[in-house]
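Trainee: I am sharing run-v2.cif, which consists of mmCIF, C-alpha atoms and all ligand atoms:
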```cif
data_final
loop_
_atom_site.group_PDB
_atom_site.id
_atom_site.type_symbol
_atom_site.label_atom_id
_atom_site.label_comp_id
_atom_site.auth_asym_id
_atom_site.auth_seq_id
_atom_site.Cartn_x
_atom_site.Cartn_y
_atom_site.Cartn_z
ATOM 1 C CA MET E 777 7.463 -14.526 5.691
ATOM 2 C CA ALA E 778 10.634 -15.874 4.052
ATOM 3 C CA ASP E 779 9.860 -15.550 0.359
ATOM 4 C CA CYS E 780 7.716 -12.428 0.480
ATOM 5 C CA ILE E 781 9.141 -9.438 -1.377
ATOM 6 C CA PHE E 782 7.167 -6.903 0.702
ATOM 7 C CA CYS E 783 8.309 -8.530 3.979
ATOM 8 C CA LYS E 784 11.850 -8.050 2.665
ATOM 9 C CA ILE E 785 11.115 -4.409 1.859
ATOM 10 C CA ALA E 786 9.544 -3.972 5.326
ATOM 11 C CA ASN E 787 12.642 -5.358 7.092
ATOM 12 C CA GLY E 788 15.115 -3.480 4.873
ATOM 13 C CA GLU E 789 16.519 -6.549 3.078
ATOM 14 C CA ILE E 790 15.316 -5.006 -0.190
ATOM 15 C CA PRO E 791 15.755 -1.224 -0.440
ATOM 16 C CA SER E 792 12.821 1.055 -1.169
ATOM 17 C CA ASN E 793 12.173 4.742 -1.581
ATOM 18 C CA LYS E 794 10.262 5.432 1.628
ATOM 19 C CA ALA E 795 7.426 7.933 1.970
ATOM 20 C CA TYR E 796 6.504 7.113 5.583
ATOM 21 C CA GLU E 797 7.420 4.597 8.273
ATOM 22 C CA ASP E 798 6.382 3.769 11.811
ATOM 23 C CA ASP E 799 6.481 0.623 13.942
ATOM 24 C CA LYS E 800 3.422 -0.903 12.218
ATOM 25 C CA VAL E 801 3.477 0.239 8.586
ATOM 26 C CA LEU E 802 5.766 1.240 5.758
ATOM 27 C CA ALA E 803 4.882 3.408 2.766
ATOM 28 C CA PHE E 804 7.163 3.448 -0.259
ATOM 29 C CA TYR E 805 7.049 4.591 -3.860
ATOM 30 C CA ASP E 806 5.888 2.002 -6.404
ATOM 31 C CA LEU E 807 8.611 0.751 -8.772
ATOM 32 C CA ASP E 808 6.252 1.106 -11.745
ATOM 33 C CA PRO E 809 4.163 4.210 -10.990
ATOM 34 C CA GLN E 810 0.684 4.400 -12.537
ATOM 35 C CA ALA E 811 0.144 8.059 -11.587
ATOM 36 C CA PRO E 812 2.353 11.082 -10.815
ATOM 37 C CA THR E 813 2.070 10.055 -7.151
ATOM 38 C CA HIS E 814 1.980 6.287 -6.535
ATOM 39 C CA VAL E 815 2.784 5.090 -3.036
ATOM 40 C CA LEU E 816 2.249 1.611 -1.598
ATOM 41 C CA ILE E 817 1.264 1.319 2.058
ATOM 42 C CA ILE E 818 1.863 -2.050 3.711
ATOM 43 C CA PRO E 819 1.591 -3.506 7.204
ATOM 44 C CA LYS E 820 4.994 -4.658 8.473
ATOM 45 C CA GLU E 821 3.260 -7.821 9.656
ATOM 46 C CA HIS E 822 2.701 -10.321 6.835
ATOM 47 C CA ILE E 823 -0.990 -10.442 5.913
ATOM 48 C CA ALA E 824 -1.464 -12.161 2.541
ATOM 49 C CA SER E 825 -4.496 -10.274 1.264
ATOM 50 C CA ALA E 826 -7.752 -8.574 2.179
ATOM 51 C CA ASN E 827 -9.160 -12.095 2.567
ATOM 52 C CA ASP E 828 -7.003 -12.458 5.673
ATOM 53 C CA ILE E 829 -8.269 -9.404 7.551
ATOM 54 C CA ASN E 830 -10.030 -10.484 10.733
ATOM 55 C CA GLU E 831 -11.119 -9.121 14.120
ATOM 56 C CA GLU E 832 -7.574 -9.539 15.509
ATOM 57 C CA ASN E 833 -5.671 -7.654 12.805
ATOM 58 C CA ALA E 834 -8.319 -5.273 11.389
ATOM 59 C CA SER E 835 -7.042 -2.250 13.316
ATOM 60 C CA ILE E 836 -4.056 -2.092 10.934
ATOM 61 C CA VAL E 837 -6.432 -1.168 8.116
ATOM 62 C CA ALA E 838 -7.703 1.871 10.012
ATOM 63 C CA HIS E 839 -4.104 2.822 10.723
ATOM 64 C CA ILE E 840 -3.174 2.453 7.046
ATOM 65 C CA PHE E 841 -6.011 4.784 6.033
ATOM 66 C CA THR E 842 -4.912 7.287 8.677
ATOM 67 C CA VAL E 843 -1.382 7.121 7.283
ATOM 68 C CA ALA E 844 -2.726 7.463 3.713
ATOM 69 C CA ALA E 845 -4.506 10.694 4.646
ATOM 70 C CA LYS E 846 -1.314 12.048 6.200
ATOM 71 C CA ILE E 847 0.832 11.100 3.188
ATOM 72 C CA ALA E 848 -1.734 12.615 0.801
ATOM 73 C CA LYS E 849 -1.544 15.905 2.705
ATOM 74 C CA ASP E 850 2.250 15.788 2.923
ATOM 75 C CA LEU E 851 2.592 15.113 -0.822
ATOM 76 C CA GLY E 852 0.090 17.810 -1.749
ATOM 77 C CA ILE E 853 -2.576 15.602 -3.373
ATOM 78 C CA ALA E 854 -5.208 15.752 -0.635
ATOM 79 C CA GLU E 855 -7.075 18.787 -1.871
ATOM 80 C CA ASP E 856 -7.447 17.629 -5.497
ATOM 81 C CA GLY E 857 -8.250 14.081 -4.427
ATOM 82 C CA TYR E 858 -6.740 10.671 -4.920
ATOM 83 C CA ARG E 859 -7.580 7.001 -5.054
ATOM 84 C CA ILE E 860 -6.779 4.242 -2.568
ATOM 85 C CA VAL E 861 -6.813 0.787 -4.176
ATOM 86 C CA ASN E 862 -6.504 -2.708 -2.790
ATOM 87 C CA ASN E 863 -6.245 -5.539 -5.296
ATOM 88 C CA CYS E 864 -7.301 -8.880 -3.803
ATOM 89 C CA GLY E 865 -6.555 -12.233 -5.408
ATOM 90 C CA ASP E 866 -6.221 -13.128 -9.058
ATOM 91 C CA ASN E 867 -9.430 -11.504 -10.294
ATOM 92 C CA GLY E 868 -8.581 -8.390 -8.295
ATOM 93 C CA GLY E 869 -5.201 -8.174 -10.021
ATOM 94 C CA GLN E 870 -3.076 -8.806 -6.915
ATOM 95 C CA THR E 871 0.473 -9.691 -7.958
ATOM 96 C CA VAL E 872 2.246 -9.420 -4.577
ATOM 97 C CA LYS E 873 0.662 -11.626 -1.907
ATOM 98 C CA HIS E 874 1.288 -9.244 0.998
ATOM 99 C CA LEU E 875 -1.577 -6.864 1.793
ATOM 100 C CA HIS E 876 -0.951 -3.417 0.319
ATOM 101 C CA PHE E 877 -2.897 -0.320 -0.528
ATOM 102 C CA HIS E 878 -2.036 1.803 -3.559
ATOM 103 C CA LEU E 879 -2.283 5.564 -2.964
ATOM 104 C CA LEU E 880 -2.614 7.153 -6.401
ATOM 105 C CA GLY E 881 -2.840 10.848 -7.131
ATOM 106 C CA GLY E 882 -1.708 13.763 -9.221
ATOM 107 C CA ARG E 883 -4.098 13.064 -12.095
ATOM 108 C CA SER E 884 -7.787 12.426 -12.664
ATOM 109 C CA MET E 885 -8.791 8.754 -12.321
ATOM 110 C CA ALA E 886 -11.171 6.909 -14.627
ATOM 111 C CA TRP E 887 -14.197 4.949 -13.445
ATOM 112 C CA PRO E 888 -15.040 2.084 -13.718
ATOM 113 C CA PRO E 889 -11.567 0.600 -13.198
ATOM 114 C CA GLY E 890 -10.329 -1.830 -15.839
HETATM 115 P P1 LIG M 1 -0.560 -5.421 -6.979
HETATM 116 O O1 LIG M 1 -0.566 -5.661 -8.464
HETATM 117 O O2 LIG M 1 -0.223 -6.685 -6.231
HETATM 118 O O3 LIG M 1 -1.792 -4.755 -6.458
HETATM 119 O O4 LIG M 1 0.581 -4.361 -6.726
HETATM 120 C C1 LIG M 1 1.915 -4.700 -6.565
HETATM 121 C C2 LIG M 1 2.694 -3.437 -6.835
HETATM 122 O O5 LIG M 1 3.988 -3.607 -6.312
HETATM 123 C C3 LIG M 1 2.848 -3.106 -8.316
HETATM 124 O O6 LIG M 1 2.314 -1.809 -8.559
HETATM 125 C C4 LIG M 1 4.360 -3.171 -8.536
HETATM 126 O O7 LIG M 1 4.808 -2.169 -9.425
HETATM 127 C C5 LIG M 1 4.909 -2.964 -7.142
HETATM 128 N N1 LIG M 1 6.167 -3.623 -6.883
HETATM 129 C C6 LIG M 1 6.483 -4.925 -7.113
HETATM 130 N N2 LIG M 1 7.729 -5.194 -6.701
HETATM 131 C C7 LIG M 1 8.220 -4.030 -6.185
HETATM 132 C C8 LIG M 1 9.477 -3.680 -5.595
HETATM 133 O O8 LIG M 1 10.397 -4.478 -5.443
HETATM 134 N N3 LIG M 1 9.619 -2.392 -5.170
HETATM 135 C C9 LIG M 1 8.617 -1.470 -5.323
HETATM 136 N N4 LIG M 1 8.863 -0.215 -4.873
HETATM 137 N N5 LIG M 1 7.422 -1.766 -5.863
HETATM 138 C C10 LIG M 1 7.230 -3.036 -6.304
HETATM 139 ZN ZN ZN M 2 4.973 -10.448 3.418
#
```
Any chance you could put this one into structure tokens?
Mentor:
Amino acid sequence: MADCIFCKIANGEIPSNKAYEDDKVLAFYDLDPQAPTHVLIIPKEHIASANDINEENASIVAHIFTVAAKIAKDLGIAEDGYRIVNNCGDNGGQTVKHLHFHLLGGRSMAWPPG
């Protein structure tokens, strides 16, 4: 999608610090980390938000969680635990309208979220 910052990161137009990549997804370090480990995992295909997950594209979500587990192990946060977050829409706090999952670790997380 032309004006989407994460599409531009996915196709290399905007550089990112990559943590993982395959033909379907890209994981890269968040510009403004909220934890010692803060990686964003995105589908390369433009999906605007969790509202747009459907029977046709839902398999990417399973793949993203598989990739998250691998990254967590690779970065050494799997054993202590971590949080995977998806913000959806304005009330969810979504600022970039391209589906992404935050993988946060390296510290204890509070609950409930703010
Ligand atoms: P959201 O608030 O939509 O759930 O998360 C968007 C995230 O993208 C934020 O944590 C923000 O720091 C990150 N972000 C926004 N623009 C860029 C960018 O150009 N590069 C990187 N690496 N992260 C970005
Ligand atoms: Zn996009």
Trainee: Selection in question (the file shown): the PyMOL selection byres (((chain E and resi 863) around 10) and not hetatm). Which residues does it include, as a ChimeraX atom specification?
Mentor: /E:825-826,861-862,864-873,875-878
Trainee: Give me the residues within 12 Å of Asn787 in chain E as a list in words, counting all atoms listed in the file and dropping any in the same chain fewer than 3 places off.
Mentor: Met777, Ala778, Cys780, Ile781, Phe782, Cys783, Lys784, Ile790, Pro791, Ser792, Glu797, Asp799, Lys800, Val801, Leu802, Ile818, Pro819, Lys820, Glu821 and His822 of chain E
Trainee: Taking the file above as input, evaluate the PyMOL selection byres (((chain E and resi 841) around 12) and not hetatm) and report the hits as number ranges by chain.
Mentor: E: 801, 803, 816-819, 834-840, 842-848, 859-862, 876-879
Trainee: Counting all atoms listed in the file, which residue out of E:His874, E:Ala811, E:Asp828, E:Leu851 sits closest to ligand ZN 2 (chain M)?
Mentor: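 Nearest candidate to ligand ZN 2 (chain M) out of E:His874, E:Ala811, E:Asp828, E:Leu851: E:His874.
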Trainee: In terms of the shortest atom-to-atom distance over only C-alpha atoms and all ligand atoms, which of E:Pro809, E:Gly788, E:Gly852, E:Gly882 is closest to ligand LIG 1 (chain M)?
Mentor: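 Of all the options, E:Pro809 lies closest to ligand LIG 1 (chain M).
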Trainee: Work out how far CA of Phe804 in chain E is from atom O4 of ligand LIG 1 (chain M), in Å to one decimal.
Mentor: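 So the two atoms, atom O4 of ligand LIG 1 (chain M) and CA of Phe804 in chain E, lie 12.1 Å apart.
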Trainee: Specify as a list in words each residue included when the PyMOL selection byres (((chain E and resi 881) around 6) and not hetatm) is applied to this file.
Mentor: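 So the PyMOL selection byres (((chain E and resi 881) around 6) and not hetatm), applied here, picks out Thr813, Tyr858, Leu880, Gly882 and Arg883 of chain E.
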Trainee: Of the residues E:Asp806, E:Ile823, E:Tyr796, E:Pro812, which is the one nearest to ligand ZN 2 (chain M), using all atoms listed in the file?
Mentor: E:Ile823
Trainee: Restricting the calculation to all atoms listed in the file, which member of E:Ala824, E:Tyr805, E:Glu855, E:Pro889 is positioned closest to ligand ZN 2 (chain M)?
Mentor: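 Using all atoms listed in the file, ligand ZN 2 (chain M) sits closest to E:Ala824.
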